[in-house]
file entry-v4.cif (mmCIF, N, CA and C atoms)
data_structure
#
loop_
_atom_site.label_atom_id
_atom_site.label_comp_id
_atom_site.auth_asym_id
_atom_site.auth_seq_id
_atom_site.Cartn_x
_atom_site.Cartn_y
_atom_site.Cartn_z
N MET O 233 19.45 -12.47 -7.89
CA MET O 233 18.94 -12.62 -6.55
C MET O 233 19.41 -11.43 -5.71
N VAL O 234 18.56 -10.92 -4.86
CA VAL O 234 18.84 -9.75 -4.04
C VAL O 234 19.29 -10.22 -2.66
N ASP O 235 20.41 -9.68 -2.18
CA ASP O 235 20.89 -10.10 -0.87
C ASP O 235 20.19 -9.31 0.24
N SER O 236 20.42 -9.72 1.48
CA SER O 236 19.71 -9.11 2.61
C SER O 236 20.10 -7.65 2.82
N THR O 237 21.33 -7.29 2.51
CA THR O 237 21.77 -5.90 2.65
C THR O 237 20.99 -5.01 1.69
N THR O 238 20.82 -5.47 0.47
CA THR O 238 20.05 -4.70 -0.51
C THR O 238 18.60 -4.58 -0.07
N ASN O 239 18.03 -5.65 0.49
CA ASN O 239 16.65 -5.59 0.99
C ASN O 239 16.52 -4.57 2.10
N LYS O 240 17.49 -4.53 3.02
CA LYS O 240 17.44 -3.56 4.12
C LYS O 240 17.53 -2.14 3.59
N VAL O 241 18.42 -1.91 2.61
CA VAL O 241 18.57 -0.57 2.04
C VAL O 241 17.29 -0.16 1.32
N MET O 242 16.72 -1.08 0.54
CA MET O 242 15.47 -0.78 -0.17
C MET O 242 14.35 -0.49 0.81
N GLY O 243 14.26 -1.27 1.88
CA GLY O 243 13.24 -1.05 2.90
C GLY O 243 13.39 0.29 3.58
N GLN O 244 14.63 0.63 3.93
CA GLN O 244 14.88 1.92 4.57
C GLN O 244 14.59 3.06 3.62
N ASN O 245 14.94 2.90 2.34
CA ASN O 245 14.64 3.94 1.35
C ASN O 245 13.15 4.16 1.22
N MET O 246 12.37 3.07 1.26
CA MET O 246 10.91 3.20 1.16
C MET O 246 10.36 3.92 2.39
N VAL O 247 10.86 3.58 3.57
CA VAL O 247 10.41 4.25 4.79
C VAL O 247 10.77 5.74 4.73
N ASP O 248 12.01 6.04 4.31
CA ASP O 248 12.43 7.43 4.19
C ASP O 248 11.56 8.18 3.19
N GLN O 249 11.21 7.52 2.09
CA GLN O 249 10.37 8.14 1.07
C GLN O 249 9.00 8.48 1.63
N VAL O 250 8.39 7.56 2.35
CA VAL O 250 7.07 7.82 2.93
C VAL O 250 7.16 8.95 3.96
N LEU O 251 8.16 8.89 4.82
CA LEU O 251 8.27 9.89 5.87
C LEU O 251 8.58 11.28 5.32
N SER O 252 9.49 11.36 4.35
CA SER O 252 9.81 12.67 3.81
C SER O 252 8.65 13.26 3.02
N LYS O 253 7.93 12.41 2.32
CA LYS O 253 6.80 12.87 1.52
C LYS O 253 5.65 13.35 2.40
N ASN O 254 5.46 12.69 3.51
CA ASN O 254 4.27 12.97 4.33
C ASN O 254 4.60 13.46 5.73
N ARG O 255 5.80 13.96 5.96
CA ARG O 255 6.19 14.35 7.31
C ARG O 255 5.23 15.37 7.92
N LYS O 256 4.86 16.37 7.15
CA LYS O 256 3.96 17.39 7.67
C LYS O 256 2.57 16.82 7.90
N LYS O 257 2.11 15.99 6.98
CA LYS O 257 0.78 15.41 7.09
C LYS O 257 0.69 14.39 8.22
N LEU O 258 1.80 13.73 8.53
CA LEU O 258 1.77 12.67 9.55
C LEU O 258 1.21 13.18 10.87
N SER O 259 1.66 14.32 11.29
CA SER O 259 1.23 14.81 12.59
C SER O 259 -0.14 15.47 12.53
N ASN O 260 -0.53 15.98 11.39
CA ASN O 260 -1.75 16.75 11.31
C ASN O 260 -2.95 15.99 10.76
N GLU O 261 -2.77 15.30 9.63
CA GLU O 261 -3.93 14.82 8.91
C GLU O 261 -4.01 13.31 8.76
N MET O 262 -2.89 12.63 8.71
CA MET O 262 -2.92 11.21 8.35
C MET O 262 -2.93 10.32 9.59
N SER O 263 -3.73 9.32 9.52
CA SER O 263 -3.77 8.34 10.60
C SER O 263 -2.72 7.27 10.33
N LEU O 264 -2.48 6.45 11.32
CA LEU O 264 -1.52 5.35 11.17
C LEU O 264 -1.95 4.42 10.05
N GLU O 265 -3.24 4.17 9.91
CA GLU O 265 -3.74 3.29 8.87
C GLU O 265 -3.45 3.85 7.48
N GLN O 266 -3.60 5.16 7.32
CA GLN O 266 -3.32 5.79 6.03
C GLN O 266 -1.84 5.72 5.69
N VAL O 267 -1.00 5.95 6.69
CA VAL O 267 0.44 5.90 6.46
C VAL O 267 0.86 4.47 6.13
N ALA O 268 0.31 3.50 6.82
CA ALA O 268 0.63 2.10 6.55
C ALA O 268 0.16 1.72 5.15
N GLN O 269 -0.99 2.22 4.74
CA GLN O 269 -1.49 1.96 3.38
C GLN O 269 -0.57 2.57 2.34
N GLU O 270 -0.09 3.77 2.59
CA GLU O 270 0.84 4.43 1.68
C GLU O 270 2.16 3.66 1.58
N PHE O 271 2.65 3.17 2.71
CA PHE O 271 3.87 2.36 2.71
C PHE O 271 3.67 1.10 1.89
N GLU O 272 2.54 0.44 2.07
CA GLU O 272 2.25 -0.77 1.31
C GLU O 272 2.19 -0.46 -0.19
N SER O 273 1.62 0.67 -0.55
CA SER O 273 1.57 1.09 -1.95
C SER O 273 2.96 1.29 -2.52
N ILE O 274 3.85 1.91 -1.76
CA ILE O 274 5.23 2.11 -2.22
C ILE O 274 5.94 0.78 -2.35
N PHE O 275 5.69 -0.13 -1.43
CA PHE O 275 6.29 -1.46 -1.50
C PHE O 275 5.84 -2.20 -2.77
N VAL O 276 4.55 -2.15 -3.06
CA VAL O 276 4.02 -2.79 -4.27
C VAL O 276 4.60 -2.12 -5.51
N ASN O 277 4.77 -0.80 -5.47
CA ASN O 277 5.36 -0.09 -6.60
C ASN O 277 6.80 -0.57 -6.84
N GLN O 278 7.55 -0.80 -5.78
CA GLN O 278 8.91 -1.32 -5.92
C GLN O 278 8.90 -2.72 -6.55
N MET O 279 7.92 -3.53 -6.17
CA MET O 279 7.81 -4.86 -6.77
C MET O 279 7.52 -4.76 -8.27
N LEU O 280 6.60 -3.87 -8.63
CA LEU O 280 6.28 -3.68 -10.05
C LEU O 280 7.49 -3.16 -10.82
N LYS O 281 8.22 -2.22 -10.22
CA LYS O 281 9.40 -1.67 -10.86
C LYS O 281 10.46 -2.75 -11.09
N SER O 282 10.64 -3.62 -10.12
CA SER O 282 11.59 -4.72 -10.26
C SER O 282 11.15 -5.70 -11.33
N ALA O 283 9.86 -5.97 -11.39
CA ALA O 283 9.35 -6.88 -12.41
C ALA O 283 9.53 -6.28 -13.81
N ARG O 284 9.31 -4.99 -13.94
CA ARG O 284 9.49 -4.34 -15.25
C ARG O 284 10.95 -4.33 -15.68
N SER O 285 11.87 -4.20 -14.74
CA SER O 285 13.29 -4.15 -15.09
C SER O 285 13.82 -5.52 -15.49
N ALA O 286 13.07 -6.57 -15.25
CA ALA O 286 13.52 -7.93 -15.57
C ALA O 286 13.09 -8.37 -16.97
N LYS O 287 12.71 -7.44 -17.81
CA LYS O 287 12.26 -7.80 -19.15
C LYS O 287 13.43 -8.37 -19.97
N LEU O 288 13.12 -9.24 -20.89
CA LEU O 288 14.13 -9.95 -21.66
C LEU O 288 14.55 -9.21 -22.94
N ALA O 289 13.70 -8.39 -23.49
CA ALA O 289 14.02 -7.70 -24.74
C ALA O 289 13.39 -6.32 -24.75
N GLU O 290 13.91 -5.47 -25.60
CA GLU O 290 13.35 -4.13 -25.78
C GLU O 290 12.11 -4.22 -26.65
N GLY O 291 11.13 -3.42 -26.33
CA GLY O 291 9.91 -3.39 -27.12
C GLY O 291 9.98 -2.34 -28.22
N ILE O 292 9.02 -2.35 -29.08
CA ILE O 292 8.97 -1.39 -30.19
C ILE O 292 8.76 0.02 -29.66
N LEU O 293 7.95 0.16 -28.63
CA LEU O 293 7.60 1.48 -28.11
C LEU O 293 8.52 1.98 -26.99
N ASP O 294 9.56 1.25 -26.67
CA ASP O 294 10.41 1.64 -25.55
C ASP O 294 11.21 2.90 -25.87
N ASN O 295 10.94 3.94 -25.11
CA ASN O 295 11.71 5.18 -25.15
C ASN O 295 11.50 5.88 -23.81
N GLU O 296 12.07 7.03 -23.65
CA GLU O 296 11.99 7.72 -22.36
C GLU O 296 10.56 8.11 -21.98
N ALA O 297 9.80 8.57 -22.96
CA ALA O 297 8.41 8.96 -22.69
C ALA O 297 7.58 7.76 -22.26
N TYR O 298 7.77 6.64 -22.95
CA TYR O 298 7.03 5.43 -22.59
C TYR O 298 7.43 4.96 -21.19
N GLY O 299 8.72 5.06 -20.86
CA GLY O 299 9.18 4.68 -19.53
C GLY O 299 8.56 5.54 -18.44
N THR O 300 8.45 6.84 -18.71
CA THR O 300 7.81 7.75 -17.76
C THR O 300 6.34 7.40 -17.59
N TYR O 301 5.66 7.18 -18.71
CA TYR O 301 4.25 6.80 -18.67
C TYR O 301 4.07 5.51 -17.88
N GLN O 302 4.91 4.51 -18.15
CA GLN O 302 4.81 3.22 -17.49
C GLN O 302 5.05 3.36 -15.99
N SER O 303 5.99 4.23 -15.62
CA SER O 303 6.27 4.46 -14.20
C SER O 303 5.08 5.09 -13.49
N LEU O 304 4.46 6.08 -14.13
CA LEU O 304 3.27 6.71 -13.54
C LEU O 304 2.11 5.74 -13.46
N LEU O 305 1.95 4.93 -14.49
CA LEU O 305 0.89 3.94 -14.49
C LEU O 305 1.12 2.90 -13.39
N ASP O 306 2.37 2.49 -13.21
CA ASP O 306 2.70 1.55 -12.15
C ASP O 306 2.41 2.13 -10.76
N GLN O 307 2.63 3.43 -10.59
CA GLN O 307 2.30 4.08 -9.31
C GLN O 307 0.80 3.98 -9.04
N GLU O 308 0.00 4.23 -10.05
CA GLU O 308 -1.45 4.14 -9.87
C GLU O 308 -1.88 2.70 -9.64
N TYR O 309 -1.28 1.76 -10.38
CA TYR O 309 -1.58 0.34 -10.15
C TYR O 309 -1.26 -0.05 -8.72
N SER O 310 -0.12 0.41 -8.22
CA SER O 310 0.29 0.03 -6.87
C SER O 310 -0.66 0.59 -5.82
N LYS O 311 -1.14 1.82 -6.02
CA LYS O 311 -2.10 2.39 -5.08
C LYS O 311 -3.40 1.59 -5.09
N THR O 312 -3.86 1.23 -6.28
CA THR O 312 -5.09 0.46 -6.40
C THR O 312 -4.93 -0.94 -5.81
N LEU O 313 -3.81 -1.59 -6.12
CA LEU O 313 -3.56 -2.93 -5.58
C LEU O 313 -3.48 -2.91 -4.06
N ALA O 314 -2.75 -1.95 -3.51
CA ALA O 314 -2.60 -1.88 -2.05
C ALA O 314 -3.93 -1.57 -1.37
N LYS O 315 -4.77 -0.79 -2.03
CA LYS O 315 -6.06 -0.44 -1.44
C LYS O 315 -7.06 -1.59 -1.50
N ASN O 316 -7.07 -2.31 -2.62
CA ASN O 316 -8.11 -3.31 -2.86
C ASN O 316 -7.72 -4.75 -2.53
N HIS O 317 -6.45 -5.01 -2.32
CA HIS O 317 -6.00 -6.37 -2.03
C HIS O 317 -5.20 -6.38 -0.74
N ASN O 318 -5.33 -7.45 -0.01
CA ASN O 318 -4.68 -7.56 1.28
C ASN O 318 -3.32 -8.24 1.14
N PHE O 319 -2.26 -7.44 1.22
CA PHE O 319 -0.91 -7.99 1.22
C PHE O 319 -0.43 -8.25 2.64
N GLY O 320 -1.06 -7.62 3.62
CA GLY O 320 -0.72 -7.83 5.02
C GLY O 320 0.35 -6.90 5.55
N ILE O 321 0.96 -6.13 4.69
CA ILE O 321 2.03 -5.22 5.13
C ILE O 321 1.45 -4.10 5.98
N ALA O 322 0.39 -3.48 5.49
CA ALA O 322 -0.22 -2.37 6.24
C ALA O 322 -0.77 -2.86 7.58
N GLU O 323 -1.39 -4.03 7.58
CA GLU O 323 -1.92 -4.59 8.84
C GLU O 323 -0.80 -4.83 9.84
N GLY O 324 0.31 -5.37 9.36
CA GLY O 324 1.45 -5.63 10.24
C GLY O 324 2.03 -4.35 10.82
N LEU O 325 2.10 -3.30 10.01
CA LEU O 325 2.61 -2.02 10.50
C LEU O 325 1.67 -1.42 11.53
N VAL O 326 0.37 -1.50 11.27
CA VAL O 326 -0.60 -0.96 12.22
C VAL O 326 -0.53 -1.73 13.54
N ARG O 327 -0.41 -3.04 13.44
CA ARG O 327 -0.32 -3.87 14.65
C ARG O 327 0.96 -3.56 15.43
N GLN O 328 2.07 -3.36 14.70
CA GLN O 328 3.35 -3.12 15.37
C GLN O 328 3.42 -1.73 15.99
N PHE O 329 2.95 -0.72 15.28
CA PHE O 329 3.11 0.65 15.75
C PHE O 329 1.86 1.23 16.40
N GLY O 330 0.75 0.52 16.35
CA GLY O 330 -0.49 1.03 16.91
C GLY O 330 -0.42 1.32 18.38
N LYS O 331 0.24 0.47 19.13
CA LYS O 331 0.35 0.68 20.58
C LYS O 331 1.16 1.92 20.90
N ARG O 332 2.20 2.16 20.12
CA ARG O 332 3.05 3.34 20.36
C ARG O 332 2.31 4.63 20.04
N VAL O 333 1.58 4.63 18.92
CA VAL O 333 0.87 5.84 18.50
C VAL O 333 -0.29 6.13 19.45
N ASN O 334 -1.05 5.10 19.79
CA ASN O 334 -2.19 5.30 20.67
C ASN O 334 -1.78 5.53 22.12
N GLY O 335 -0.60 5.08 22.49
CA GLY O 335 -0.13 5.23 23.85
C GLY O 335 0.40 6.63 24.15
N ASN O 336 0.75 7.38 23.10
CA ASN O 336 1.32 8.71 23.31
C ASN O 336 0.29 9.78 23.31
#

call {"tool": "encode", "arguments": {"input": "entry-v4.cif", "output": "structure tokens"}}
result
Amino acid sequence: MVDSTTNKVMGQNMVDQVLSKNRKKLSNEMSLEQVAQEFESIFVNQMLKSARSAKLAEGILDNEAYGTYQSLLDQEYSKTLAKNHNFGIAEGLVRQFGKRVNGN
């Protein structure tokens, strides 16, 4: 079970990851909706990563290359899931920060 401190650290790490990755694009090219969608994708990726780490046994194909492939595949899955399914995270972020962005 994950405690609240770990959740806060993971959440802050995800925010830092989105901001550092897209800092230049944030002001120039990306809208709030796109940034919120990217955040939701990273959040879903963290969920997939946690689910993969909870496996009970090693598989026949488990090695470093397979782990890298699985990680990249999970990133693509998370982007697709966040884009095509409504988790509500992106909507909540847009609702929370929309007034600040549009007000400035």

call {"tool": "residues_around", "arguments": {"input": "entry-v4.cif", "residues": "segment 319-327 of chain O", "least_positions_apart": "4", "cutoff": "6 Å", "atoms": "only C-alpha atoms", "output": "ChimeraX atom specification"}}
result
/O:268-269,272

call {"tool": "residues_near_point", "arguments": {"input": "entry-v4.cif", "point": "(4.1, 3.7, -9.9)", "cutoff": "6.5 Å", "atoms": "all atoms listed in the file", "output": "PyMOL selection string"}}
result
chain O and resi 277+302-310

call {"tool": "atom_distance", "arguments": {"input": "entry-v4.cif", "atom1": "atom CA of Lys311 of chain O", "atom2": "atom N of Gln278 of chain O"}}
result
10.2 Å

call {"tool": "closest_residue", "arguments": {"input": "entry-v4.cif", "among": "O:Glu270, O:Lys331, O:Leu313, O:Gly299", "to": "Arg284 of chain O", "atoms": "only C-alpha atoms"}}
result
O:Gly299
